[in-house]
Amino acid sequence: MQPPGDEADWDTPIFEPTERDGRLYGRGVADDKAGVMAHVAAIRAHHGTPPVNVTVFVEGEEEVASPSLPALLDKYETELRADAIVLADSHNWKVGTPALTTTLRGLVRVVVEVQALDHGVHSGMYGGAVPDGLTALCRLVATLHDDNGDVAVAGLMTSEAAELDYTEDDLRADSGLSEGVRPIGTGSLLSRMWTKPSMTVIGIDAPSVATAANLLTPVGRAKLSMRIHPAQDPQVALDALRQHLMDQAPWGCQVRVELDDLGEGFSANAQGPIYESARAAFNDAWGTEPVDIGVGGSIPFVASFAERFPQAAILVTGVEDPDTRAHAANESLHLAEFERVCLAEAVLLERLGAINKGE
Ligand SMILES: [Zn+2]
């Protein structure tokens with residue numbers, strides 16, 4: 001669960017589940033408590049004896065990148081081994097349109113340091129002949145995108161995302177893009193967020209404006225967050241980024257790249273009898289076929305399960321809808337959708353049982 005945030009931003013008490021217009025409001029009601037309760041409801045629908053063996057594993061570290069999980073999966077590998085693994089931590093496409101999340105992007109995060117001088121010097125004395133680390137850093141960072149806003153690092157994987165209806169107006173409304181600002185990148189909007197790399201400067205160490213002196217700053221430092229294609233090896237992407245930063249060093253400045261974090265993406269093999277059963281179960285519950293969606297960020301525990309159990313069909317489902325506002329004020333759960341999520345999982349168990357019996 002995420003921290004509650006500022007109480008003043010909430011319309012109802014943060015930790016008192018409050019029902020209003022078919023939604024239940026409160027921190028954690030959707031992300032992740034409802035995901036856990038969907039599993040409970042599915043088992044309860046079968047009076048505790050579903051037609052397949054079920055192991056329930058409740059993971060409590062998802063919001064802090066699940067650091068203990070790989071060791072737990074090693075330790076309890078036998079107990080947790082399964083043909084199908086249902087991870088209910090994602091979202092559906094729209095209210096009324098269910099989804100299976102079949103891709104998650106991976107992550108490469110680095111700190112890049114650009115050194116121009118052994119020590120700071122007077123900008124009036126040497127400026128014009130001597131570069132400074134901060135300006136050099138800005139020039140280096142500027143090489144990371146081309147003029148269209150696509151990531152300019154060579155050697156990164158891209159592919160097209162599933163074709164779903166998502167317009168620039170949707171993007172503007174969802175992201176809060178300021179007036180007059182154009183989206184960046186090329187290709188479909190969903191491929192830019194799901195299956196192409198992205199690059200963001202998420203921090204810079206620099207003298208603050210308030211304390212700035214007339215000085216050539218010797219060293220500039222930035223933290224870069226790069227999202228990568230779901231199937232890209234993070235180590236290969238890191239090497240490509242490092243090579244780019246070294247090759248583009250402005251004016252012969254010294255460039256150092258330090259790894260901060262690597263995260264595996266996820267790309268499901270979304271075929272075979274278990275995926276077919278899931279799609280049919282979703283269709284039973286919603287009366288409409290589910291769509292395959294991607295998520296631009298990572299859910300580290302999904303990659304951990306995929307790595308530990310490569311033979312299992314991993315189904316990433318979820319209770320959230322576009323208006324859930326997970327992590328934000330007024331987080332809520334759409335109760336009719338939640339009912340369909342529970343029903344779909346109960347039907348999925350039934351259908352998996354039928355596969356077992358060869359029906
Ligand atoms: Zn969350």
# chains A, B, ... in the order shown; residues from 1 in each chain; ligands from 1
call {"tool": "closest_atom_pairs", "arguments": {"of": "chain A", "to": "ligand 1", "cutoff": "8 Å", "atoms": "only C-alpha atoms and all ligand atoms", "output": "CSV"}}
result
residue,atom,partner,partner_atom_place_in_ligand_line,distance
A:Met1,CA,ligand 1,1 (Zn),6.3
A:Gln2,CA,ligand 1,1 (Zn),6.5
A:Asp31,CA,ligand 1,1 (Zn),5.3
A:Asp32,CA,ligand 1,1 (Zn),6.7
A:Glu62,CA,ligand 1,1 (Zn),7.2
A:Glu63,CA,ligand 1,1 (Zn),5.5
A:Ala326,CA,ligand 1,1 (Zn),6.1
A:His327,CA,ligand 1,1 (Zn),6.0
call {"tool": "select_by_dssp", "arguments": {"residues": "range 48-92 of chain A", "states": "strand (DSSP E or B)", "output": "PyMOL selection string"}}
result
chain A and resi 84-91
call {"tool": "write_last_selection", "arguments": {"atoms": "N, CA, C and O atoms", "output": "mmCIF file, in the first residue's frame"}}
result
data_model
loop_
_atom_site.group_PDB
_atom_site.id
_atom_site.type_symbol
_atom_site.label_atom_id
_atom_site.label_comp_id
_atom_site.auth_asym_id
_atom_site.auth_seq_id
_atom_site.Cartn_x
_atom_site.Cartn_y
_atom_site.Cartn_z
ATOM 1 N N ALA A 84 -0.546 -22.692 -13.782
ATOM 2 C CA ALA A 84 -1.046 -21.342 -14.055
ATOM 3 C C ALA A 84 -0.797 -20.477 -12.816
ATOM 4 O O ALA A 84 -1.031 -20.919 -11.693
ATOM 5 N N ILE A 85 -0.311 -19.272 -13.036
ATOM 6 C CA ILE A 85 -0.091 -18.343 -11.927
ATOM 7 C C ILE A 85 -0.910 -17.085 -12.221
ATOM 8 O O ILE A 85 -0.736 -16.460 -13.268
ATOM 9 N N VAL A 86 -1.833 -16.764 -11.311
ATOM 10 C CA VAL A 86 -2.709 -15.607 -11.521
ATOM 11 C C VAL A 86 -2.239 -14.475 -10.602
ATOM 12 O O VAL A 86 -2.268 -14.623 -9.372
ATOM 13 N N LEU A 87 -1.796 -13.386 -11.185
ATOM 14 C CA LEU A 87 -1.289 -12.247 -10.406
ATOM 15 C C LEU A 87 -2.238 -11.072 -10.658
ATOM 16 O O LEU A 87 -2.273 -10.514 -11.753
ATOM 17 N N ALA A 88 -3.022 -10.727 -9.637
ATOM 18 C CA ALA A 88 -4.107 -9.755 -9.844
ATOM 19 C C ALA A 88 -3.676 -8.353 -9.432
ATOM 20 O O ALA A 88 -4.243 -7.769 -8.517
ATOM 21 N N ASP A 89 -2.674 -7.798 -10.082
ATOM 22 C CA ASP A 89 -2.146 -6.493 -9.664
ATOM 23 C C ASP A 89 -2.207 -5.437 -10.763
ATOM 24 O O ASP A 89 -1.634 -4.367 -10.630
ATOM 25 N N SER A 90 -2.903 -5.739 -11.859
ATOM 26 C CA SER A 90 -2.885 -4.782 -12.965
ATOM 27 C C SER A 90 -4.279 -4.166 -13.127
ATOM 28 O O SER A 90 -5.013 -4.033 -12.155
ATOM 29 N N HIS A 91 -4.631 -3.797 -14.329
ATOM 30 C CA HIS A 91 -5.921 -3.129 -14.515
ATOM 31 C C HIS A 91 -6.614 -3.628 -15.776
ATOM 32 O O HIS A 91 -6.008 -4.308 -16.596
#
call {"tool": "residues_around", "arguments": {"residues": "Ser267 in chain A", "least_positions_apart": "3", "cutoff": "7 Å", "atoms": "only C-alpha atoms", "output": "list in words"}}
result
Thr102, Thr103, Leu104, Pro230 and Ala231 of chain A
call {"tool": "write_last_selection", "arguments": {"atoms": "C-alpha atoms", "output": "PDB file, in the first residue's frame"}}
result
ATOM      1  CA  THR A 102       0.758  -9.405 -21.476  1.00  0.00           C
ATOM      2  CA  THR A 103       3.736  -7.015 -21.456  1.00  0.00           C
ATOM      3  CA  LEU A 104       5.535  -4.852 -18.908  1.00  0.00           C
ATOM      4  CA  PRO A 230       9.413  -5.877 -22.479  1.00  0.00           C
ATOM      5  CA  ALA A 231      11.656  -8.518 -24.055  1.00  0.00           C
TER       6      ALA A 231
END
call {"tool": "closest_residue", "arguments": {"among": "A:Ser298, A:Thr186, A:Asn269, A:Asn330", "to": "Arg227 in chain A", "atoms": "only C-alpha atoms"}}
result
A:Ser298
call {"tool": "select_by_dssp", "arguments": {"residues": "range 105-235 of chain A", "states": "helix (DSSP H, G or I)", "output": "PyMOL selection string"}}
result
chain A and resi 123-126+133-142+168-175+189-194+234-235
call {"tool": "write_last_selection", "arguments": {"atoms": "C-alpha atoms", "output": "PDB file, in the first residue's frame"}}
result
ATOM      1  CA  SER A 123      33.249  32.155 -14.614  1.00  0.00           C
ATOM      2  CA  GLY A 124      34.363  35.673 -15.629  1.00  0.00           C
ATOM      3  CA  MET A 125      38.028  34.734 -15.723  1.00  0.00           C
ATOM      4  CA  TYR A 126      37.839  31.448 -17.648  1.00  0.00           C
ATOM      5  CA  GLY A 133      30.484  20.262 -16.020  1.00  0.00           C
ATOM      6  CA  LEU A 134      26.866  21.359 -15.756  1.00  0.00           C
ATOM      7  CA  THR A 135      26.595  22.788 -19.276  1.00  0.00           C
ATOM      8  CA  ALA A 136      28.421  19.726 -20.594  1.00  0.00           C
ATOM      9  CA  LEU A 137      25.927  17.500 -18.765  1.00  0.00           C
ATOM     10  CA  CYS A 138      22.999  19.390 -20.320  1.00  0.00           C
ATOM     11  CA  ARG A 139      24.502  18.924 -23.793  1.00  0.00           C
ATOM     12  CA  LEU A 140      25.031  15.214 -23.128  1.00  0.00           C
ATOM     13  CA  VAL A 141      21.460  14.746 -21.860  1.00  0.00           C
ATOM     14  CA  ALA A 142      20.189  16.559 -24.967  1.00  0.00           C
ATOM     15  CA  GLU A 168      -4.228  12.098 -28.278  1.00  0.00           C
ATOM     16  CA  ASP A 169      -7.208  13.544 -26.391  1.00  0.00           C
ATOM     17  CA  ASP A 170      -7.197  10.482 -24.109  1.00  0.00           C
ATOM     18  CA  LEU A 171      -3.477  10.948 -23.521  1.00  0.00           C
ATOM     19  CA  ARG A 172      -3.900  14.658 -22.769  1.00  0.00           C
ATOM     20  CA  ALA A 173      -6.702  14.022 -20.306  1.00  0.00           C
ATOM     21  CA  ASP A 174      -4.960  11.086 -18.592  1.00  0.00           C
ATOM     22  CA  SER A 175      -1.505  12.654 -18.266  1.00  0.00           C
ATOM     23  CA  LEU A 189       0.774   6.337 -28.683  1.00  0.00           C
ATOM     24  CA  LEU A 190       0.442   2.955 -26.977  1.00  0.00           C
ATOM     25  CA  SER A 191       3.645   1.604 -28.541  1.00  0.00           C
ATOM     26  CA  ARG A 192       5.476   4.697 -27.249  1.00  0.00           C
ATOM     27  CA  MET A 193       4.347   3.858 -23.705  1.00  0.00           C
ATOM     28  CA  TRP A 194       4.343   0.036 -23.844  1.00  0.00           C
ATOM     29  CA  PRO A 234      18.373  -4.975 -19.289  1.00  0.00           C
ATOM     30  CA  GLN A 235      22.127  -5.631 -19.288  1.00  0.00           C
TER      31      GLN A 235
END
call {"tool": "residues_around", "arguments": {"residues": "Glu16 in chain A", "least_positions_apart": "3", "cutoff": "9 Å", "atoms": "only C-alpha atoms", "output": "PyMOL selection string"}}
result
chain A and resi 12-13+25-27
call {"tool": "write_last_selection", "arguments": {"atoms": "N, CA and C atoms", "output": "mmCIF file, in the first residue's frame"}}
result
data_model
loop_
_atom_site.group_PDB
_atom_site.id
_atom_site.type_symbol
_atom_site.label_atom_id
_atom_site.label_comp_id
_atom_site.auth_asym_id
_atom_site.auth_seq_id
_atom_site.Cartn_x
_atom_site.Cartn_y
_atom_site.Cartn_z
ATOM 1 N N THR A 12 -13.591 11.732 1.148
ATOM 2 C CA THR A 12 -14.126 10.946 2.267
ATOM 3 C C THR A 12 -12.936 10.458 3.094
ATOM 4 N N PRO A 13 -13.179 10.007 4.348
ATOM 5 C CA PRO A 13 -12.052 9.589 5.191
ATOM 6 C C PRO A 13 -11.197 8.507 4.529
ATOM 7 N N TYR A 25 -14.488 3.929 -1.927
ATOM 8 C CA TYR A 25 -13.334 4.820 -1.792
ATOM 9 C C TYR A 25 -12.504 4.503 -0.558
ATOM 10 N N GLY A 26 -11.202 4.678 -0.647
ATOM 11 C CA GLY A 26 -10.300 4.484 0.494
ATOM 12 C C GLY A 26 -8.920 4.058 0.003
ATOM 13 N N ARG A 27 -7.890 4.372 0.792
ATOM 14 C CA ARG A 27 -6.538 3.961 0.393
ATOM 15 C C ARG A 27 -6.406 2.450 0.429
#
call {"tool": "closest_residue", "arguments": {"among": "A:Pro131, A:Pro310, A:Pro50, A:Gly180", "to": "Glu350 in chain A", "atoms": "only C-alpha atoms"}}
result
A:Pro50
call {"tool": "closest_residue", "arguments": {"among": "A:Arg44, A:Val114, A:Thr78, A:Ala30", "to": "Asp323 in chain A", "atoms": "only C-alpha atoms"}}
result
A:Ala30
call {"tool": "closest_residue", "arguments": {"among": "A:Pro218, A:Trp10, A:Leu69, A:Thr55", "to": "His122 in chain A", "atoms": "only C-alpha atoms"}}
result
A:Pro218
call {"tool": "residues_around", "arguments": {"residues": "range 211-215 of chain A", "least_positions_apart": "2", "cutoff": "6 Å", "atoms": "only C-alpha atoms", "output": "PyMOL selection string"}}
result
chain A and resi 121-123+207-209+217
call {"tool": "write_last_selection", "arguments": {"atoms": "C-alpha atoms", "output": "short mmCIF file (atom, residue, chain, number, x, y, z; two decimals), in the first residue's frame"}}
result
data_model
loop_
_atom_site.label_atom_id
_atom_site.label_comp_id
_atom_site.auth_asym_id
_atom_site.auth_seq_id
_atom_site.Cartn_x
_atom_site.Cartn_y
_atom_site.Cartn_z
CA VAL A 121 36.93 28.52 -11.12
CA HIS A 122 35.66 32.09 -11.66
CA SER A 123 33.25 32.16 -14.61
CA PRO A 207 24.08 24.40 -7.43
CA SER A 208 20.58 25.70 -6.68
CA VAL A 209 19.39 28.93 -8.27
CA THR A 217 30.88 24.10 -11.95
#
call {"tool": "closest_residue", "arguments": {"among": "A:Ser159, A:Thr18, A:Asn283, A:Thr97", "to": "Ser332 in chain A", "atoms": "only C-alpha atoms"}}
result
A:Thr18
call {"tool": "atom_distance", "arguments": {"atom1": "CA of Ser277 in chain A", "atom2": "CA of Leu348 in chain A"}}
result
6.3 Å
call {"tool": "atom_distance", "arguments": {"atom1": "CA of Thr101 in chain A", "atom2": "CA of Leu315 in chain A"}}
result
7.5 Å
call {"tool": "closest_residue", "arguments": {"among": "A:Asp150, A:Pro273, A:Gly296, A:His145", "to": "Ala354 in chain A", "atoms": "only C-alpha atoms"}}
result
A:Pro273
call {"tool": "atom_distance", "arguments": {"atom1": "CA of Pro300 in chain A", "atom2": "CA of Leu262 in chain A"}}
result
10.3 Å
call {"tool": "decode", "arguments": {"residues": "range 252-283 of chain A", "atoms": "N, CA, C and O atoms", "output": "tab-separated table (two decimals), in the first residue's frame"}}
result
chain	number	residue	atom	x	y	z
A	252	GLY	N	35.35	16.48	-24.97
A	252	GLY	CA	36.35	15.63	-24.32
A	252	GLY	C	36.19	15.52	-22.81
A	252	GLY	O	37.09	15.02	-22.11
A	253	CYS	N	35.03	15.95	-22.30
A	253	CYS	CA	34.81	15.85	-20.84
A	253	CYS	C	34.83	14.38	-20.41
A	253	CYS	O	34.50	13.47	-21.16
A	254	GLN	N	35.22	14.17	-19.13
A	254	GLN	CA	35.22	12.81	-18.58
A	254	GLN	C	33.79	12.42	-18.22
A	254	GLN	O	33.11	13.17	-17.51
A	255	VAL	N	33.35	11.26	-18.70
A	255	VAL	CA	31.99	10.78	-18.41
A	255	VAL	C	32.09	9.48	-17.63
A	255	VAL	O	32.80	8.56	-18.03
A	256	ARG	N	31.39	9.44	-16.51
A	256	ARG	CA	31.32	8.20	-15.72
A	256	ARG	C	29.85	7.79	-15.60
A	256	ARG	O	28.98	8.65	-15.40
A	257	VAL	N	29.59	6.50	-15.73
A	257	VAL	CA	28.22	5.99	-15.65
A	257	VAL	C	28.17	4.94	-14.55
A	257	VAL	O	28.91	3.96	-14.59
A	258	GLU	N	27.31	5.17	-13.59
A	258	GLU	CA	27.20	4.24	-12.47
A	258	GLU	C	25.79	3.63	-12.49
A	258	GLU	O	24.79	4.35	-12.58
A	259	LEU	N	25.71	2.31	-12.37
A	259	LEU	CA	24.41	1.63	-12.38
A	259	LEU	C	23.66	1.92	-11.08
A	259	LEU	O	24.22	1.82	-9.99
A	260	ASP	N	22.38	2.26	-11.19
A	260	ASP	CA	21.55	2.46	-10.01
A	260	ASP	C	20.56	1.30	-9.83
A	260	ASP	O	20.38	0.80	-8.74
A	261	ASP	N	19.91	0.87	-10.93
A	261	ASP	CA	18.96	-0.23	-10.83
A	261	ASP	C	18.67	-0.81	-12.21
A	261	ASP	O	18.61	-0.07	-13.19
A	262	LEU	N	18.51	-2.12	-12.24
A	262	LEU	CA	18.10	-2.82	-13.46
A	262	LEU	C	16.84	-3.60	-13.14
A	262	LEU	O	16.77	-4.25	-12.10
A	263	GLY	N	15.84	-3.56	-14.01
A	263	GLY	CA	14.62	-4.35	-13.79
A	263	GLY	C	14.22	-5.08	-15.06
A	263	GLY	O	14.18	-4.48	-16.14
A	264	GLU	N	13.94	-6.37	-14.91
A	264	GLU	CA	13.48	-7.17	-16.05
A	264	GLU	C	12.08	-6.74	-16.47
A	264	GLU	O	11.23	-6.49	-15.61
A	265	GLY	N	11.82	-6.73	-17.75
A	265	GLY	CA	10.45	-6.56	-18.23
A	265	GLY	C	9.73	-7.90	-18.21
A	265	GLY	O	10.20	-8.86	-17.61
A	266	PHE	N	8.58	-7.93	-18.84
A	266	PHE	CA	7.80	-9.17	-18.88
A	266	PHE	C	7.06	-9.22	-20.21
A	266	PHE	O	6.47	-8.23	-20.65
A	267	SER	N	7.15	-10.37	-20.84
A	267	SER	CA	6.45	-10.56	-22.10
A	267	SER	C	5.86	-11.96	-22.06
A	267	SER	O	6.58	-12.95	-22.13
A	268	ALA	N	4.55	-12.03	-21.90
A	268	ALA	CA	3.90	-13.33	-21.71
A	268	ALA	C	3.83	-14.09	-23.02
A	268	ALA	O	3.67	-13.49	-24.09
A	269	ASN	N	3.94	-15.40	-22.93
A	269	ASN	CA	3.62	-16.24	-24.06
A	269	ASN	C	2.10	-16.47	-23.96
A	269	ASN	O	1.65	-17.42	-23.34
A	270	ALA	N	1.35	-15.54	-24.55
A	270	ALA	CA	-0.08	-15.45	-24.26
A	270	ALA	C	-0.91	-16.39	-25.11
A	270	ALA	O	-1.90	-16.01	-25.73
A	271	GLN	N	-0.47	-17.65	-25.18
A	271	GLN	CA	-1.18	-18.64	-25.97
A	271	GLN	C	-1.30	-19.94	-25.20
A	271	GLN	O	-0.71	-20.08	-24.14
A	272	GLY	N	-2.03	-20.88	-25.79
A	272	GLY	CA	-2.14	-22.20	-25.16
A	272	GLY	C	-3.42	-22.32	-24.37
A	272	GLY	O	-4.18	-21.36	-24.21
A	273	PRO	N	-3.70	-23.52	-23.84
A	273	PRO	CA	-5.00	-23.81	-23.22
A	273	PRO	C	-5.30	-22.95	-21.99
A	273	PRO	O	-6.47	-22.62	-21.75
A	274	ILE	N	-4.28	-22.57	-21.22
A	274	ILE	CA	-4.57	-21.79	-20.01
A	274	ILE	C	-5.00	-20.37	-20.38
A	274	ILE	O	-5.98	-19.83	-19.86
A	275	TYR	N	-4.28	-19.75	-21.33
A	275	TYR	CA	-4.70	-18.42	-21.80
A	275	TYR	C	-6.07	-18.47	-22.46
A	275	TYR	O	-6.89	-17.58	-22.29
A	276	GLU	N	-6.33	-19.57	-23.21
A	276	GLU	CA	-7.64	-19.72	-23.84
A	276	GLU	C	-8.74	-19.81	-22.77
A	276	GLU	O	-9.81	-19.21	-22.92
A	277	SER	N	-8.45	-20.56	-21.70
A	277	SER	CA	-9.43	-20.68	-20.61
A	277	SER	C	-9.68	-19.33	-19.95
A	277	SER	O	-10.81	-18.98	-19.62
A	278	ALA	N	-8.60	-18.56	-19.77
A	278	ALA	CA	-8.74	-17.25	-19.13
A	278	ALA	C	-9.59	-16.32	-20.01
A	278	ALA	O	-10.49	-15.63	-19.52
A	279	ARG	N	-9.30	-16.35	-21.31
A	279	ARG	CA	-10.07	-15.47	-22.21
A	279	ARG	C	-11.55	-15.85	-22.21
A	279	ARG	O	-12.44	-14.99	-22.18
A	280	ALA	N	-11.79	-17.15	-22.19
A	280	ALA	CA	-13.19	-17.62	-22.17
A	280	ALA	C	-13.86	-17.23	-20.85
A	280	ALA	O	-15.02	-16.81	-20.83
A	281	ALA	N	-13.12	-17.35	-19.74
A	281	ALA	CA	-13.70	-17.01	-18.44
A	281	ALA	C	-14.02	-15.51	-18.37
A	281	ALA	O	-15.05	-15.10	-17.82
A	282	PHE	N	-13.14	-14.67	-18.92
A	282	PHE	CA	-13.40	-13.23	-18.94
A	282	PHE	C	-14.64	-12.94	-19.79
A	282	PHE	O	-15.46	-12.10	-19.43
A	283	ASN	N	-14.73	-13.65	-20.92
A	283	ASN	CA	-15.88	-13.46	-21.79
A	283	ASN	C	-17.16	-13.87	-21.05
A	283	ASN	O	-18.19	-13.19	-21.15
